[in-house]
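Printed here is entry_18.txt (compact mmCIF, C-alpha atoms):
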# COMPACT_ATOMS: atom_id res chain seq x y z
CA MET A 73 -28.78 -2.33 -13.91
CA ARG A 74 -30.11 -4.45 -11.10
CA TYR A 75 -31.47 -2.70 -8.09
CA SER A 76 -33.17 -5.81 -6.82
CA ASN A 77 -30.04 -6.48 -4.86
CA VAL A 78 -30.62 -3.86 -2.27
CA ILE A 79 -30.03 -6.23 0.57
CA PHE A 80 -31.46 -4.45 3.52
CA SER A 81 -32.83 -1.17 4.53
CA VAL A 82 -33.01 0.13 8.05
CA LEU A 83 -34.89 3.24 8.91
CA PHE A 84 -34.42 5.02 12.18
CA SER A 85 -34.42 8.49 13.55
CA LEU A 86 -31.40 10.30 14.90
CA SER A 87 -33.49 13.17 16.08
CA VAL A 88 -37.10 14.21 16.01
CA ASN A 89 -37.08 14.76 12.26
CA ALA A 90 -33.90 13.52 10.65
CA GLN A 91 -33.90 10.03 9.15
CA THR A 92 -31.10 7.70 8.25
CA THR A 93 -31.39 4.79 5.84
CA GLN A 94 -28.68 2.20 5.34
CA PHE A 95 -28.48 -0.31 2.53
CA LEU A 96 -26.14 -2.23 0.27
CA LEU A 97 -26.19 -1.50 -3.43
CA GLU A 98 -24.75 -4.10 -5.72
CA SER A 99 -22.62 -2.44 -8.36
CA LEU A 100 -22.03 -4.08 -11.70
CA HIS A 101 -19.35 -1.52 -12.53
CA LEU A 102 -17.41 -2.23 -9.35
CA ASN A 103 -18.39 -5.87 -9.10
CA ARG A 104 -19.21 -5.70 -5.40
CA SER A 105 -21.79 -4.39 -2.97
CA ILE A 106 -21.39 -0.83 -1.79
CA SER A 107 -22.58 0.26 1.62
CA ILE A 108 -24.68 3.41 1.53
CA THR A 109 -26.06 5.56 4.32
CA ALA A 110 -28.68 8.08 3.27
CA PHE A 111 -29.31 10.88 5.75
CA ASP A 112 -32.33 13.12 5.35
CA THR A 113 -31.95 16.17 7.56
CA ALA A 114 -35.53 17.29 6.97
CA PRO A 115 -37.93 14.64 5.63
CA GLU A 116 -40.75 17.17 5.80
CA VAL A 117 -39.01 19.25 3.14
CA ARG A 118 -39.63 17.58 -0.20
CA ASP A 119 -37.45 19.58 -2.56
CA LYS A 120 -33.89 19.89 -1.29
CA PRO A 121 -30.39 19.43 -2.69
CA ILE A 122 -28.45 16.18 -2.44
CA VAL A 123 -24.89 15.98 -1.19
CA TYR A 124 -22.96 12.82 -2.01
CA LEU A 125 -19.94 12.08 0.17
CA THR A 126 -17.22 9.54 -0.43
CA ASP A 127 -15.44 7.79 2.47
CA GLY A 128 -18.94 7.69 3.93
CA GLN A 129 -18.42 5.10 6.64
CA LYS A 130 -15.28 6.77 7.93
CA MET A 131 -17.04 10.11 7.95
CA ILE A 132 -19.88 8.72 10.02
CA GLU A 133 -17.55 6.91 12.40
CA ASN A 134 -15.59 10.12 12.89
CA GLY A 135 -18.61 12.25 13.63
CA SER A 136 -19.23 14.07 10.34
CA LEU A 137 -22.90 13.09 10.16
CA ASN A 138 -23.47 14.31 13.71
CA VAL A 139 -21.76 17.61 12.97
CA ILE A 140 -23.87 18.10 9.85
CA GLU A 141 -27.03 17.29 11.78
CA THR A 142 -26.14 19.77 14.52
CA LEU A 143 -25.35 22.49 11.98
CA THR A 144 -28.61 21.83 10.16
CA ARG A 145 -30.65 21.97 13.35
CA ALA A 146 -28.97 25.25 14.22
CA ASN A 147 -29.86 26.57 10.76
CA LYS A 148 -26.19 27.12 10.01
CA VAL A 149 -26.40 25.07 6.83
CA PRO A 150 -29.40 24.55 4.56
CA VAL A 151 -31.46 21.37 4.82
CA ALA A 152 -30.25 18.71 2.42
CA PHE A 153 -30.30 15.00 1.68
CA TYR A 154 -26.90 13.39 2.31
CA VAL A 155 -25.62 10.18 0.78
CA PHE A 156 -22.59 8.71 2.56
CA VAL A 157 -20.91 6.23 0.24
CA SER A 158 -18.59 3.78 1.95
CA THR A 159 -15.40 2.50 0.39
CA ILE A 160 -15.20 -0.37 2.88
CA ASP A 161 -16.51 -3.74 1.78
CA GLU A 162 -18.97 -4.80 4.45
CA ALA A 163 -18.34 -8.52 4.03
CA SER A 164 -14.55 -8.50 4.09
CA GLY A 165 -13.81 -5.24 5.85
CA VAL A 166 -11.36 -4.34 3.07
CA ASP A 167 -11.12 -0.65 2.22
CA PHE A 168 -11.13 -0.18 -1.56
CA ARG A 169 -10.60 3.60 -1.54
CA ASN A 170 -7.23 3.31 -3.29
CA GLU A 171 -8.93 1.43 -6.09
CA TYR A 172 -11.93 3.74 -6.36
CA PHE A 173 -10.28 7.12 -5.94
CA PHE A 174 -7.36 7.05 -8.36
CA CYS A 175 -9.03 8.45 -11.48
CA ASN A 176 -11.24 5.41 -11.82
CA GLU A 177 -13.73 5.56 -14.67
CA ASN A 178 -15.65 2.61 -13.23
CA TYR A 179 -16.20 4.47 -9.99
CA ARG A 180 -17.59 7.44 -11.96
CA ARG A 181 -19.87 5.08 -13.84
CA PHE A 182 -20.99 3.53 -10.57
CA PHE A 183 -22.00 6.98 -9.35
CA GLU A 184 -23.67 8.21 -12.51
CA GLU A 185 -25.22 5.01 -13.79
CA GLU A 186 -26.02 3.11 -10.61
CA LEU A 187 -25.90 5.10 -7.39
CA ILE A 188 -27.49 8.39 -8.44
CA PRO A 189 -30.35 6.74 -10.38
CA HIS A 190 -31.03 4.42 -7.45
CA ILE A 191 -30.99 7.19 -4.84
CA GLU A 192 -33.04 9.60 -6.90
CA GLU A 193 -35.55 7.13 -8.29
CA SER A 194 -36.00 4.78 -5.34
CA VAL A 195 -34.68 6.24 -2.09
CA PHE A 196 -35.38 9.96 -2.48
CA PRO A 197 -37.57 10.41 -5.56
CA LEU A 198 -38.79 13.85 -6.43
CA GLY A 199 -41.15 13.09 -9.29
CA ARG A 200 -38.88 14.86 -11.70
CA LYS A 201 -35.33 14.47 -12.92
CA ARG A 202 -32.93 16.48 -10.80
CA LYS A 203 -30.47 18.88 -12.38
CA SER A 204 -26.74 18.82 -11.77
CA LYS A 205 -26.99 22.07 -9.81
CA GLU A 206 -29.03 20.18 -7.23
CA ARG A 207 -26.18 17.76 -6.53
CA SER A 208 -22.83 18.20 -4.79
CA LEU A 209 -19.99 15.81 -4.23
CA VAL A 210 -17.62 16.05 -1.29
CA GLY A 211 -14.39 14.13 -0.87
CA ILE A 212 -11.49 14.24 1.58
CA SER A 213 -7.83 13.41 0.91
CA PHE A 214 -7.74 10.79 -1.89
CA GLY A 215 -11.51 11.31 -1.96
CA GLY A 216 -10.67 14.89 -2.89
CA LEU A 217 -8.66 13.53 -5.80
CA ASN A 218 -11.71 11.52 -6.79
CA ALA A 219 -13.96 14.58 -6.51
CA ALA A 220 -11.53 16.53 -8.69
CA TYR A 221 -11.55 13.69 -11.24
CA PHE A 222 -15.35 13.69 -11.23
CA SER A 223 -15.36 17.47 -11.68
CA ALA A 224 -13.69 16.91 -15.05
CA THR A 225 -15.37 13.71 -16.19
CA ALA A 226 -18.83 13.52 -14.60
CA THR A 227 -21.80 15.58 -15.66
CA SER A 228 -24.11 14.86 -12.72
CA PHE A 229 -22.71 17.40 -10.27
CA GLN A 230 -22.27 21.12 -10.40
CA SER A 231 -20.70 21.67 -6.98
CA TYR A 232 -17.65 19.98 -5.54
CA GLY A 233 -16.14 20.06 -2.06
CA ILE A 234 -12.51 19.03 -2.37
CA LEU A 235 -10.97 18.86 1.10
CA SER A 236 -7.25 18.25 1.57
CA PRO A 237 -6.89 16.72 -1.89
CA VAL A 238 -3.89 14.48 -2.39
CA THR A 239 -3.51 14.15 -6.12
CA TYR A 240 -0.14 12.50 -6.77
CA PRO A 241 -1.50 9.01 -7.66
CA CYS A 242 -2.82 10.31 -10.99
CA GLN A 243 -1.86 13.98 -11.01
CA GLN A 244 -1.07 14.27 -14.70
CA GLU A 245 -4.11 12.30 -15.81
CA LEU A 246 -6.28 14.45 -13.56
CA MET A 247 -4.81 17.66 -14.95
CA LYS A 248 -5.36 16.39 -18.49
CA HIS A 249 -9.00 15.59 -17.78
CA ILE A 250 -9.55 19.03 -16.27
CA ALA A 251 -7.78 20.73 -19.19
CA PHE A 252 -10.00 19.03 -21.76
CA SER A 253 -13.20 18.92 -19.71
CA LYS A 254 -16.28 20.40 -21.34
CA ASN A 255 -18.01 20.99 -18.02
CA LYS A 256 -19.08 24.56 -17.47
CA ASP A 257 -20.14 26.74 -14.54
CA LEU A 258 -18.86 24.48 -11.79
CA LYS A 259 -18.65 25.62 -8.20
CA ILE A 260 -15.50 24.36 -6.50
CA PHE A 261 -14.53 24.44 -2.84
CA LEU A 262 -10.86 23.68 -2.19
CA SER A 263 -9.33 23.44 1.24
CA THR A 264 -6.11 22.50 2.93
CA GLY A 265 -4.83 22.45 6.46
CA THR A 266 -1.26 23.17 7.50
CA ASN A 267 1.40 20.65 6.47
CA ASP A 268 -1.48 19.04 4.66
CA ALA A 269 -2.32 19.34 0.96
CA GLU A 270 -0.87 22.79 0.29
CA ARG A 271 1.27 21.64 -2.63
CA TYR A 272 -1.67 20.09 -4.46
CA LEU A 273 -3.97 23.10 -4.34
CA PRO A 274 -2.25 25.65 -6.65
CA PRO A 275 -2.44 23.51 -9.84
CA LEU A 276 -6.08 22.67 -9.14
CA LYS A 277 -7.02 26.24 -8.30
CA ALA A 278 -5.27 27.61 -11.39
CA SER A 279 -6.81 24.96 -13.65
CA TYR A 280 -10.31 25.60 -12.34
CA GLU A 281 -9.95 29.37 -12.52
CA GLY A 282 -8.63 29.00 -16.05
CA LYS A 283 -11.88 27.31 -16.98
CA GLY A 284 -13.90 30.13 -15.47
CA TYR A 285 -15.29 28.10 -12.58
CA GLN A 286 -16.33 29.66 -9.30
CA VAL A 287 -13.57 28.70 -6.86
CA LYS A 288 -13.32 29.20 -3.12
CA VAL A 289 -10.09 28.34 -1.32
CA HIS A 290 -10.19 27.72 2.41
CA LYS A 291 -7.02 27.36 4.47
CA THR A 292 -6.99 26.19 8.05
CA ASP A 293 -4.47 25.55 10.81
CA GLY A 294 -5.73 21.98 11.07
CA ALA A 295 -4.05 18.77 9.99
CA HIS A 296 -4.91 15.95 7.63
CA ASP A 297 -7.56 14.54 9.93
CA PHE A 298 -11.25 14.55 10.78
CA ASP A 299 -10.78 17.12 13.50
CA ASN A 300 -9.82 19.55 10.73
CA TRP A 301 -12.45 18.37 8.25
CA ASN A 302 -15.33 18.29 10.71
CA LYS A 303 -14.66 21.94 11.56
CA GLN A 304 -15.10 22.83 7.88
CA TRP A 305 -18.61 21.49 7.31
CA GLU A 306 -20.29 24.81 7.98
CA VAL A 307 -18.20 26.72 5.46
CA VAL A 308 -18.17 23.87 2.92
CA LEU A 309 -21.89 23.23 2.94
CA ALA A 310 -22.85 26.89 3.16
CA TYR A 311 -20.81 27.45 -0.01
CA LEU A 312 -21.94 24.37 -1.94
CA LEU A 313 -25.61 24.69 -1.05
CA LYS A 314 -25.89 28.45 -1.44
CA MET B 69 -4.66 29.62 -41.47
CA ARG B 70 -3.58 29.90 -45.11
CA ILE B 71 -0.14 30.97 -43.89
CA THR B 72 -0.03 27.98 -41.60
CA LYS B 73 -0.85 25.74 -44.50
CA MET B 74 1.98 27.21 -46.53
CA ILE B 75 4.32 26.74 -43.61
CA ALA B 76 3.27 23.14 -43.29
CA VAL B 77 3.88 22.52 -46.98
CA VAL B 78 7.29 24.18 -46.77
CA ALA B 79 8.03 22.05 -43.75
CA PHE B 80 7.51 18.96 -45.84
CA ALA B 81 9.81 20.29 -48.53
CA VAL B 82 12.66 21.02 -46.15
CA PHE B 83 12.15 18.06 -43.92
CA GLY B 84 15.83 17.53 -43.40
CA PHE B 85 16.32 18.14 -39.71
CA THR B 86 19.25 16.91 -37.78
CA GLN B 87 16.79 15.48 -35.27
CA ILE B 88 15.51 11.96 -35.49
CA SER B 89 11.81 11.71 -36.17
CA ALA B 90 10.12 8.50 -35.23
CA GLN B 91 6.80 6.96 -34.46
CA ASN B 92 6.17 4.72 -31.50
CA ALA B 93 3.24 2.94 -29.94
CA ASP B 94 2.51 5.63 -27.37
CA ALA B 95 3.22 8.79 -29.26
CA LYS B 96 2.12 10.19 -32.58
CA ILE B 97 5.35 12.09 -32.94
CA THR B 98 8.66 11.87 -31.16
CA LYS B 99 11.58 14.16 -31.88
CA THR B 100 14.98 14.03 -30.27
CA LYS B 101 18.14 16.08 -30.49
CA ILE B 102 21.51 15.46 -28.93
CA VAL B 103 22.97 18.64 -27.46
CA GLU B 104 26.58 19.38 -26.62
CA ALA B 105 25.66 20.92 -23.30
CA SER B 106 25.00 19.64 -19.81
CA VAL B 107 21.56 18.39 -18.90
CA ASP B 108 21.21 21.16 -16.34
CA LYS B 109 22.02 23.88 -18.85
CA VAL B 110 19.48 22.52 -21.32
CA TRP B 111 16.82 22.12 -18.66
CA ALA B 112 17.51 25.67 -17.46
CA GLU B 113 16.45 26.88 -20.91
CA LEU B 114 13.60 24.43 -21.36
CA ARG B 115 12.00 25.08 -17.99
CA LYS B 116 11.29 28.70 -18.91
CA LEU B 117 7.67 28.19 -19.74
CA ASP B 118 6.85 31.70 -20.85
CA ASN B 119 9.48 32.34 -23.55
CA ILE B 120 8.02 30.40 -26.46
CA ASP B 121 8.06 33.61 -28.47
CA GLU B 122 11.87 33.56 -28.20
CA ILE B 123 12.31 30.02 -29.44
CA SER B 124 9.56 29.69 -32.02
CA SER B 125 9.00 31.80 -35.10
CA PHE B 126 5.36 30.72 -35.05
CA VAL B 127 4.76 32.65 -31.82
CA GLY B 128 4.91 36.41 -31.51
CA LYS B 129 3.60 36.80 -27.98
CA VAL B 130 3.09 34.62 -24.92
CA GLU B 131 0.73 35.40 -22.07
CA PHE B 132 1.32 33.17 -19.08
CA THR B 133 -1.09 32.97 -16.17
CA GLY B 134 -1.15 30.86 -13.03
CA PRO B 135 1.73 29.03 -11.39
CA MET B 136 4.98 28.56 -13.35
CA GLY B 137 4.42 24.85 -13.38
CA ALA B 138 1.48 22.46 -13.24
CA GLY B 139 -1.76 24.41 -13.48
CA GLY B 140 -0.21 27.28 -15.45
CA THR B 141 -1.70 28.40 -18.74
CA ARG B 142 0.02 30.01 -21.69
CA VAL B 143 -1.70 31.60 -24.63
CA CYS B 144 0.58 31.85 -27.63
CA THR B 145 -0.32 34.34 -30.33
CA ALA B 146 1.00 34.16 -33.89
CA PRO B 147 3.34 36.95 -35.03
CA ASP B 148 0.61 38.43 -37.22
CA GLY B 149 -1.77 38.41 -34.25
CA LYS B 150 -4.37 36.42 -36.14
CA GLY B 151 -4.07 32.98 -34.63
CA LYS B 152 -3.55 31.79 -31.11
CA PHE B 153 -3.38 28.58 -29.22
CA LYS B 154 -3.86 27.89 -25.56
CA GLU B 155 -1.81 25.41 -23.57
CA ASN B 156 -2.27 24.15 -20.04
CA ILE B 157 0.75 22.86 -18.13
CA LEU B 158 -0.26 19.46 -16.80
CA ALA B 159 2.93 18.42 -15.06
CA PHE B 160 6.29 20.03 -14.35
CA ASP B 161 9.16 18.25 -12.62
CA ASP B 162 12.62 19.66 -12.03
CA ALA B 163 13.77 16.29 -10.70
CA THR B 164 13.06 14.45 -13.95
CA ARG B 165 13.66 17.59 -16.06
CA SER B 166 10.36 17.19 -17.78
CA TYR B 167 7.13 19.01 -18.37
CA THR B 168 3.88 18.08 -20.02
CA TYR B 169 1.31 20.38 -21.56
CA ALA B 170 -2.09 20.05 -23.18
CA VAL B 171 -3.03 22.12 -26.18
CA VAL B 172 -6.63 22.90 -25.34
CA GLU B 173 -7.47 25.45 -28.02
CA GLY B 174 -6.20 26.55 -31.42
CA VAL B 175 -5.12 23.31 -33.11
CA PRO B 176 -7.19 20.96 -35.25
CA ALA B 177 -6.66 18.06 -32.87
CA ALA B 178 -8.59 16.85 -29.85
CA GLY B 179 -6.85 15.63 -26.72
CA MET B 180 -3.43 16.86 -27.73
CA VAL B 181 -0.77 16.38 -25.07
CA SER B 182 2.94 17.05 -25.52
CA ASN B 183 5.96 16.49 -23.34
CA PHE B 184 9.46 17.93 -23.19
CA LYS B 185 12.19 16.04 -21.39
CA VAL B 186 15.96 16.37 -21.11
CA VAL B 187 17.97 13.19 -20.73
CA ASP B 188 21.46 13.18 -19.23
CA LEU B 189 23.99 11.61 -21.62
CA GLY B 190 27.04 12.26 -19.47
CA TYR B 191 29.57 15.06 -19.31
CA ASN B 192 28.43 18.06 -21.33
CA LYS B 193 26.05 15.97 -23.37
CA SER B 194 22.31 15.61 -23.17
CA MET B 195 19.30 14.86 -25.31
CA ILE B 196 16.07 16.79 -25.70
CA VAL B 197 13.06 14.55 -26.26
CA TRP B 198 9.76 15.97 -27.39
CA THR B 199 6.70 13.76 -27.79
CA SER B 200 3.21 14.64 -28.82
CA THR B 201 0.02 12.65 -28.99
CA TYR B 202 -3.52 13.49 -29.86
CA GLU B 203 -6.71 11.53 -29.82
CA LYS B 204 -8.36 12.75 -32.96
CA PHE B 205 -7.60 15.04 -35.87
CA MET B 206 -10.42 17.46 -36.54
CA GLN B 207 -11.13 17.69 -40.25
CA ASN B 208 -10.98 21.26 -41.49
CA PRO B 209 -10.60 23.12 -44.78
CA GLN B 210 -7.24 24.65 -43.84
CA MET B 211 -5.04 21.59 -43.46
CA ASN B 212 -5.17 17.84 -43.54
CA GLU B 213 -3.68 15.58 -40.90
CA GLU B 214 -0.47 15.01 -42.84
CA GLN B 215 0.08 18.74 -43.14
CA PHE B 216 -0.70 19.18 -39.46
CA ASN B 217 1.91 16.60 -38.53
CA GLY B 218 4.37 18.36 -40.79
CA PHE B 219 3.63 21.60 -39.02
CA LEU B 220 4.17 19.95 -35.64
CA ASN B 221 7.46 18.50 -36.82
CA GLN B 222 8.68 21.82 -38.07
CA ALA B 223 7.54 23.84 -35.08
CA SER B 224 8.92 21.42 -32.54
CA GLY B 225 12.15 20.98 -34.49
CA GLU B 226 12.70 24.71 -34.53
CA MET B 227 12.06 24.99 -30.80
CA ILE B 228 14.41 22.13 -30.01
CA ASN B 229 17.13 23.63 -32.18
CA ASN B 230 16.79 27.02 -30.55
CA ILE B 231 16.80 25.57 -27.03
CA ALA B 232 19.92 23.61 -27.91
CA ALA B 233 21.58 26.74 -29.28
CA LEU B 234 20.77 28.75 -26.18
CA ALA B 235 22.04 26.00 -23.89
CA SER B 236 25.26 25.61 -25.89
CA LYS B 237 26.22 29.28 -25.63
In structure tokens, write the structure found in this file.
Amino acid sequence: MRYSNVIFSVLFSLSVNAQTTQFLLESLHLNRSISITAFDTAPEVRDKPIVYLTDGQKMIENGSLNVIETLTRANKVPVAFYVFVSTIDEASGVDFRNEYFFCNENYRRFFEEELIPHIEESVFPLGRKRKSKERSLVGISFGGLNAAYFSATATSFQSYGILSPVTYPCQQELMKHIAFSKNKDLKIFLSTGTNDAERYLPPLKASYEGKGYQVKVHKTDGAHDFDNWNKQWEVVLAYLLK
Amino acid sequence: MRITKMIAVVAFAVFGFTQISAQNADAKITKTKIVEASVDKVWAELRKLDNIDEISSFVGKVEFTGPMGAGGTRVCTAPDGKGKFKENILAFDDATRSYTYAVVEGVPAAGMVSNFKVVDLGYNKSMIVWTSTYEKFMQNPQMNEEQFNGFLNQASGEMINNIAALASK
């Protein structure tokens, strides 16, 4: 793995304490540079959980980071280190989410073999190896499909926030991976709005419950949009980081 | 498991089904049976996910949990109560008259996935297709892989025959 290709790093403060770092990480598994925004809600707190979020750039552009910062400042969610992982290629502007999110083993390998080691050894080192229970992954829509796929195939995370998952692109493959997964003791948050992802939740919920995982289902009146998802951060993060 | 072994051996001896057994590139086992009944009638029988005990002599009891479709789980217990296997429904589609299930516990094979499908062959005629694949046979003292495949052939053949009989009534 080559981490020498971290192209730039910008450090600035959103508030008195919180810090945001942006950089590009060249992925050998994905064969392109991935834009990362790391957001530390409390740099003065050394030992805190890490939340990885896919669709990172879109989340930031649609206010998710600001909502999380506000909730953290108001002590409504625990302090944490957030890693917003963009699916948009910075050079071309092309969004590769439909490549990354459809049960893509290379994307899992990027996370587990490149991104997580880089973040936890270089960006936010703790001096010890973190455990899976200290990491969460959150995904929305097709990102929820990706999070569900990771829940079955990755071993780095114990908690998953799966918001408005749309699973049809690889539904059967996903269900097969969950059925045969050896992962234990996962904590799963599933949510859907109205006229949103209702049809995709029951198979996931049943499969997870069948494996004995801790599952929370959250239904809202919202739609398949950031207005709905941004209103869920308090309940999602309170559950995942509890 | 000794009983299962005997059954598997018997299955080899009487391996004279009316179904066609074949191997293909994607599936370890494929079995088909042409039925003199409409595709809808056959699918109406096949789509009952929780009645395996009525169509298989290897199953005495079925406990089904979860949705009657993808995400559902059925635990099938042998008639003598001593063995059981657990299956997860991976996909279920009334439009394509097909469902897929993973056998996650109780068989000496890893990654076993099977599929039932009914194909429309025109007026009052249809075909049941059952395929099964697995990634790896788990060596065990009770049965070898050949015997396991024989068992699968017999068990699936019996189920297909019984579904066909129910649909043809």
Residues within 7 Å of (-28.1, 12.1, -10.6), file coordinates, counting only C-alpha atoms: what are they? Give the list as a ChimeraX atom specification.
/A:184,188-189,192,202,204,228
Taking all atoms listed in the file into account, what are the residues of chain B at most 9 Å from chain A, put as JSON, numbers by chain?
{"B": [133, 134, 135, 137, 138, 139, 140, 141, 155, 156, 157, 158, 159, 168, 169, 170, 171, 172, 178, 179, 181]}
Output C-alpha atoms of each residue in that selection to a file, as a compact mmCIF listing (two decimals), keeping the file's coordinate frame.
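And here is the file that came out, part.txt:
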# COMPACT_ATOMS: atom_id res chain seq x y z
CA THR B 133 -1.09 32.97 -16.17
CA GLY B 134 -1.15 30.86 -13.03
CA PRO B 135 1.73 29.03 -11.39
CA GLY B 137 4.42 24.85 -13.38
CA ALA B 138 1.48 22.46 -13.24
CA GLY B 139 -1.76 24.41 -13.48
CA GLY B 140 -0.21 27.28 -15.45
CA THR B 141 -1.70 28.40 -18.74
CA GLU B 155 -1.81 25.41 -23.57
CA ASN B 156 -2.27 24.15 -20.04
CA ILE B 157 0.75 22.86 -18.13
CA LEU B 158 -0.26 19.46 -16.80
CA ALA B 159 2.93 18.42 -15.06
CA THR B 168 3.88 18.08 -20.02
CA TYR B 169 1.31 20.38 -21.56
CA ALA B 170 -2.09 20.05 -23.18
CA VAL B 171 -3.03 22.12 -26.18
CA VAL B 172 -6.63 22.90 -25.34
CA ALA B 178 -8.59 16.85 -29.85
CA GLY B 179 -6.85 15.63 -26.72
CA VAL B 181 -0.77 16.38 -25.07
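We find atom CA of Ile97 of chain B and atom CA of Glu203 of chain B to be spaced 12.5 Å apart.
Between atom CA of Asn89 of chain A and atom CA of Ala146 of chain A the separation is 13.4 Å.
Distance check against Thr109 of chain A using all atoms listed in the file: of A:Ser136, A:Ser223, A:Asn178, A:Ser158, the minimum falls on A:Ser158.
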Can you tell me which residues surround Leu312 of chain A at a distance of at most 8 Å, considering all atoms listed in the file, apart from same-chain residues fewer than 5 positions away, and format the answer as JSON, numbers by chain?
{"A": [208, 231, 232, 233, 259, 260, 261]}
Selected residue, from B:Thr199, B:Asn192, B:Gln207, B:Asn212, that lies nearest to Val110 of chain B when counting all atoms listed in the file:
B:Asn192
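When atom CA of Thr164 of chain B is paired with atom CA of Arg115 of chain B, their separation reads 11.4 Å.
Here the question is which of B:Met180, B:Val186, B:Met136, B:Val130 gets nearest to Lys116 of chain B using all atoms listed in the file, and that residue is B:Met136.
Counting all atoms listed in the file, the residue from A:Val289, A:Asp167, A:Phe182, A:Ile160 that sits nearest to Asn103 of chain A is A:Phe182.
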